[in-house]
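Q: Encoded as structure tokens, here's the structure I'll be asking about.
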Amino acid sequence: MAGWGAAGDQSETKDIRSAATPVTFAGTVGLFMAAAKPSMGTAVLFLSPWGFEEMCVRKFWRILAEDLADLGIASLRFDYAGTGDALDPADEGEGLTLWEETALAAAAELKSLSGCDRLILINQGLGSAIAARLAERLTGIDGIAFLAPVVSGRAHLRELTVWSKMIDESMGLAEAQRQTEGVTVASLRMPDTVADAVKKLNLMSLAGLAAPNCLVLTRPNRPGDTDFARHLDTLAPNVVQATYEGYDELVSNPTIAVMPTATGRTIVGWTRSIAGPSRPAASISSETASAAPLAGDGFRETPLRFGKGLRLFGILCEPEGKRTGATALLLTTAYDRNAGWGRMSVTMARALARDGIASLRFDTANVGDSPPLPGAPEQVLYSSKQYRDVAEALDLLEARKLLPAFTVGRCSGGYLAFQAAVHDIRCKGLVTANPYSFSWDESRSVDEALRFAPRSLETYGRKFLQVETLKRLLGGQIDAKSALRNLATVLGRRAVRSGRRLLGFFPFLAGAQGPVVNGFRTLSKRRVDMSLIYSAHDIGLDHLREQFGQDACGLKQFPDIRLTIIPEADHNLTPPSARSIYLSEVKKMGLRLGKA
């Protein structure tokens with residue numbers, strides 16, 4: 001199985017795995033994974049959790065789908081209405097009805113594409129409620145896998161409240177900057193009608209379940225999961241209960257998420273054990289399946305595969321009317337799916353299209369829905385291997401006559417935007433927001449840097465003065481050693497910056513400056529349009545000052561650079577005003593380059 005042990009074999013043969021085939025239906029985007037060998041008589045429909053949890057499991061879903069395909073089991077994963085890459089509905093509807101209708105349409109699409117008339121439903125989180133409802137309305141459900149199910153809606157909403165605060169705290173958000181209206185987690189707000197319906201959910205009240213086989217993966221210290229498994233024992237003849245190993249590591253943060261290998265094997269093994277026998281293939285091949293554009297307010301979006309072996313998945317967003325600007329290449333941040341943190345990339349792409357600017361947002365290899373590139377390292381962030389992904393995205397734009405183009409990215413995406421512009425002359429501009437750095441020593445551990453990334457000195461000072469932070473420090477909830485190490489790192493860099501006049505005498509301190517300044521010089525010689533955006537207390541701004549001085553006066557030697565400092569914003573640009581500034585800079589560049 002590719003995801004759980006056979007990746008080495010795939011690398012040895014240098015076979016490039018294609019991304020799943022994108023399809024559109026019911027105002028949403030689906031990803032169909034055809035069986036890689038004679039199809040079994042059963043296909044799998046993935047029913048995702050909501051919000052931040054969905055972002056975390058996105059890559060996990062893709063790996064499961066690939067491994068199932070290798071066993072002859074086709075599958076479909078999709079976005080509920082108003083989430084991910086789906087269109088935003090004009091009417092949110094009542095409760096979970098709209099999401100349920102999307103799921104029903106997905107089930108019909110999967111049966112048509114796979115040629116299978118029987119389904120297995122694999123769900124997580126809120127997807128459990130959708131699965132239970134589908135089982136009442138569909139025939140031919142062979143089994144349902146409940147992964148960390150939402151048994152009590154009230155308990156889940158309380159958990160989301162805690163989750164939201166933890167995420168905001170980890171980003172260094174001040175209380176005034178937090179989005180606390182309704183149910184909001186990681187800049188994603190649950191529709192009020194959905195939240196009202198979730199509050200009333202209670203899977204313990206299920207009186208029947210039209211599926212003979214069930215798998216329940218329970219979380220440690222969650223007795224409600226175990227109680228639900230026992231309840232299913234009274235409703236279905238064959239119920240398997242197992243531990244969801246690696247759950248916490250999976251859903252803590254998509255940037256540092258660890259794929260739950262043992263759990264993956266459990267799910268795949270159970271699915272294989274209840275799937276129908278192989279039969280002559282009646283499915284539509286990946287080559288003939290197609291995705292019609294989704295039309296929205298002033299834009300049309302086409303999900304597509306591109307690159308060598310069709311290995312990359314992305315969404316091309318184009319204006320309904322005449323194209324008047326250069327094309328924006330929206331790069332992913334860390335391991336966030338291409339829709340972006342809080343759907344930031346979706347919102348940006350559609351707003352740009354209304355102003356005549358096309359865009360392509362896509363998952364780089366081993367991120368979200370794009371499979372890994374054989375031979376590439378498991379950790380792809382800050383790797384030169386990602387330059388190839390951007391180059392193949394530019395190939396697509398060039399083939400579709402959508403040049404000139406410019407790169408756009410936040411954090412690690414900002415780093416990639418800069419490096420891609422340096423390496424590819426087709427990049428005529430770049431917009432970076434809070435890039436951690438513009439140069440990376442690939443001998444340095446990215447994993448360690450991500451887990452113990454320092455913040456700015458101002459952020460440390462503000463947080464230390466908070467009573468809650470002191471309580472957590474004294475209670476052992478904060479890693480004091482890591483905090484002190486990070487603080488020392490920041491103070492050291494501040495000292496180096498203050499003594500920049502001594503750099504000429506200490507070449508080992510100036511060494512890191514060379515690649516960055518040389519990169520800016522290369523871009524300046526090519527007259528590449530550059531816009532740098534930073535939150536006022538972002539650690540990336542400290543790194544910029546290391547290169548160009550405390551007030552960044554060294555940037556004056558590059559006339560094509562604009563520097564924008566956002567006074568009240570976090571690293572992820574959570575406040576709407578910060579996102580508005582980001583969008584404005586991208587829009588202005590697109591229109592400028594479109595006239596060039």
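We name chains A, B, ... following the order of the structure tokens; residues begin at 1 in each chain, and ligands are numbered from 1 as shown.
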If we count only C-alpha atoms and set the cut-off at 10 Å, which residues sit around Leu173 in chain A, ignoring sequence neighbours fewer than 2 positions away in its own chain? Please answer as a short mmCIF file (atom, residue, chain, number, x, y, z; two decimals) with N, CA and C atoms, in the first residue's frame.

A:
```cif
data_model
loop_
_atom_site.label_atom_id
_atom_site.label_comp_id
_atom_site.auth_asym_id
_atom_site.auth_seq_id
_atom_site.Cartn_x
_atom_site.Cartn_y
_atom_site.Cartn_z
N LYS A 165 -9.94 28.79 20.68
CA LYS A 165 -9.08 29.60 21.54
C LYS A 165 -7.64 29.11 21.51
N ILE A 167 -6.10 27.57 19.03
CA ILE A 167 -5.51 27.92 17.74
C ILE A 167 -5.17 29.40 17.70
N ASP A 168 -6.08 30.24 18.17
CA ASP A 168 -5.83 31.69 18.17
C ASP A 168 -4.65 32.03 19.07
N GLU A 169 -4.57 31.35 20.23
CA GLU A 169 -3.47 31.60 21.14
C GLU A 169 -2.14 31.20 20.50
N SER A 170 -2.14 30.07 19.77
CA SER A 170 -0.91 29.61 19.14
C SER A 170 -0.43 30.57 18.06
N MET A 171 -1.36 31.34 17.49
CA MET A 171 -1.00 32.31 16.47
C MET A 171 -0.63 33.67 17.06
N GLU A 175 -6.86 39.29 22.09
CA GLU A 175 -8.27 38.99 22.27
C GLU A 175 -9.14 39.83 21.35
N ALA A 176 -8.74 41.09 21.13
CA ALA A 176 -9.52 41.99 20.27
C ALA A 176 -9.48 41.56 18.81
N GLN A 177 -8.47 40.77 18.44
CA GLN A 177 -8.33 40.34 17.05
C GLN A 177 -9.05 39.02 16.77
N ARG A 178 -9.47 38.32 17.81
CA ARG A 178 -10.11 37.03 17.63
C ARG A 178 -11.50 37.19 17.01
N GLN A 179 -11.86 36.21 16.18
CA GLN A 179 -13.21 36.17 15.60
C GLN A 179 -14.05 35.23 16.45
N THR A 459 6.16 40.14 20.50
CA THR A 459 5.12 39.15 20.79
C THR A 459 5.39 38.45 22.11
N LYS A 463 2.90 38.59 25.36
CA LYS A 463 2.33 37.36 25.92
C LYS A 463 2.77 37.15 27.36
N GLU A 568 -1.89 45.83 13.10
CA GLU A 568 -2.58 44.91 14.03
C GLU A 568 -3.02 43.65 13.28
N ALA A 569 -2.13 42.68 13.21
CA ALA A 569 -2.46 41.43 12.52
C ALA A 569 -1.53 40.33 13.00
N ASP A 570 -1.98 39.10 12.89
CA ASP A 570 -1.17 37.95 13.24
C ASP A 570 -0.48 37.40 12.00
N HIS A 571 0.25 36.32 12.19
CA HIS A 571 1.00 35.71 11.09
C HIS A 571 0.07 35.23 9.98
N ASN A 572 -1.12 34.76 10.33
CA ASN A 572 -2.06 34.22 9.34
C ASN A 572 -2.99 35.27 8.76
N LEU A 573 -2.80 36.54 9.12
CA LEU A 573 -3.64 37.63 8.63
C LEU A 573 -5.11 37.36 8.93
N THR A 574 -5.40 37.05 10.17
CA THR A 574 -6.76 36.72 10.57
C THR A 574 -7.74 37.90 10.47
N PRO A 575 -7.40 39.11 10.97
CA PRO A 575 -8.38 40.21 10.91
C PRO A 575 -8.79 40.51 9.46
#
```

Q: Give the answer as one residue: which of A:Pro435, A:Gly269, A:Gly594, A:Pro293 has the shortest atom-to-atom distance to Ala326 in chain A, using only C-alpha atoms?

A: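 Of all the options, A:Gly594 lies closest to Ala326 in chain A.
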
Q: How would you write, as a PyMOL selection string, the set of residues in range 269-463 of chain A that DSSP gives as alpha helix (DSSP H)?

A: chain A and resi 269-274+344-354+386-399+412-423+446-451+457-463

Q: Restricting the calculation to only C-alpha atoms: of A:Lys588, A:Ala421, A:Leu31, A:Gly429, which residue gets closest to Arg305 in chain A?

A: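 Once distances to Arg305 in chain A are computed over only C-alpha atoms, the minimum belongs to A:Leu31.
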
Q: Take CA of Gly321 in chain A and CA of Leu394 in chain A and report the distance between them in Å, one decimal.

A: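 Result for CA of Gly321 in chain A versus CA of Leu394 in chain A: 22.5 Å, one decimal.
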
Q: Among range 335-386 of chain A, which ones does DSSP assign to strand (DSSP E) (computed from the backbone)? Answer as a list in words.

A: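 Filtering range 335-386 of chain A to strand (DSSP E) leaves Ser359, Leu360, Arg361 and Phe362 of chain A.
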
Q: Store the residues picked out above, limited to N, CA and C atoms, as a PDB file, in the first residue's frame.

A:
```pdb
ATOM      1  N   SER A 359      -6.474  33.376 -11.924  1.00  0.00           N
ATOM      2  CA  SER A 359      -5.545  32.818 -10.939  1.00  0.00           C
ATOM      3  C   SER A 359      -5.556  31.298 -11.013  1.00  0.00           C
ATOM      4  N   LEU A 360      -4.471  30.722 -10.535  1.00  0.00           N
ATOM      5  CA  LEU A 360      -4.374  29.268 -10.380  1.00  0.00           C
ATOM      6  C   LEU A 360      -3.916  28.997  -8.959  1.00  0.00           C
ATOM      7  N   ARG A 361      -4.729  28.285  -8.200  1.00  0.00           N
ATOM      8  CA  ARG A 361      -4.324  27.829  -6.872  1.00  0.00           C
ATOM      9  C   ARG A 361      -4.176  26.318  -6.939  1.00  0.00           C
ATOM     10  N   PHE A 362      -3.129  25.783  -6.354  1.00  0.00           N
ATOM     11  CA  PHE A 362      -2.897  24.349  -6.499  1.00  0.00           C
ATOM     12  C   PHE A 362      -2.106  23.811  -5.307  1.00  0.00           C
TER      13      PHE A 362
END
```
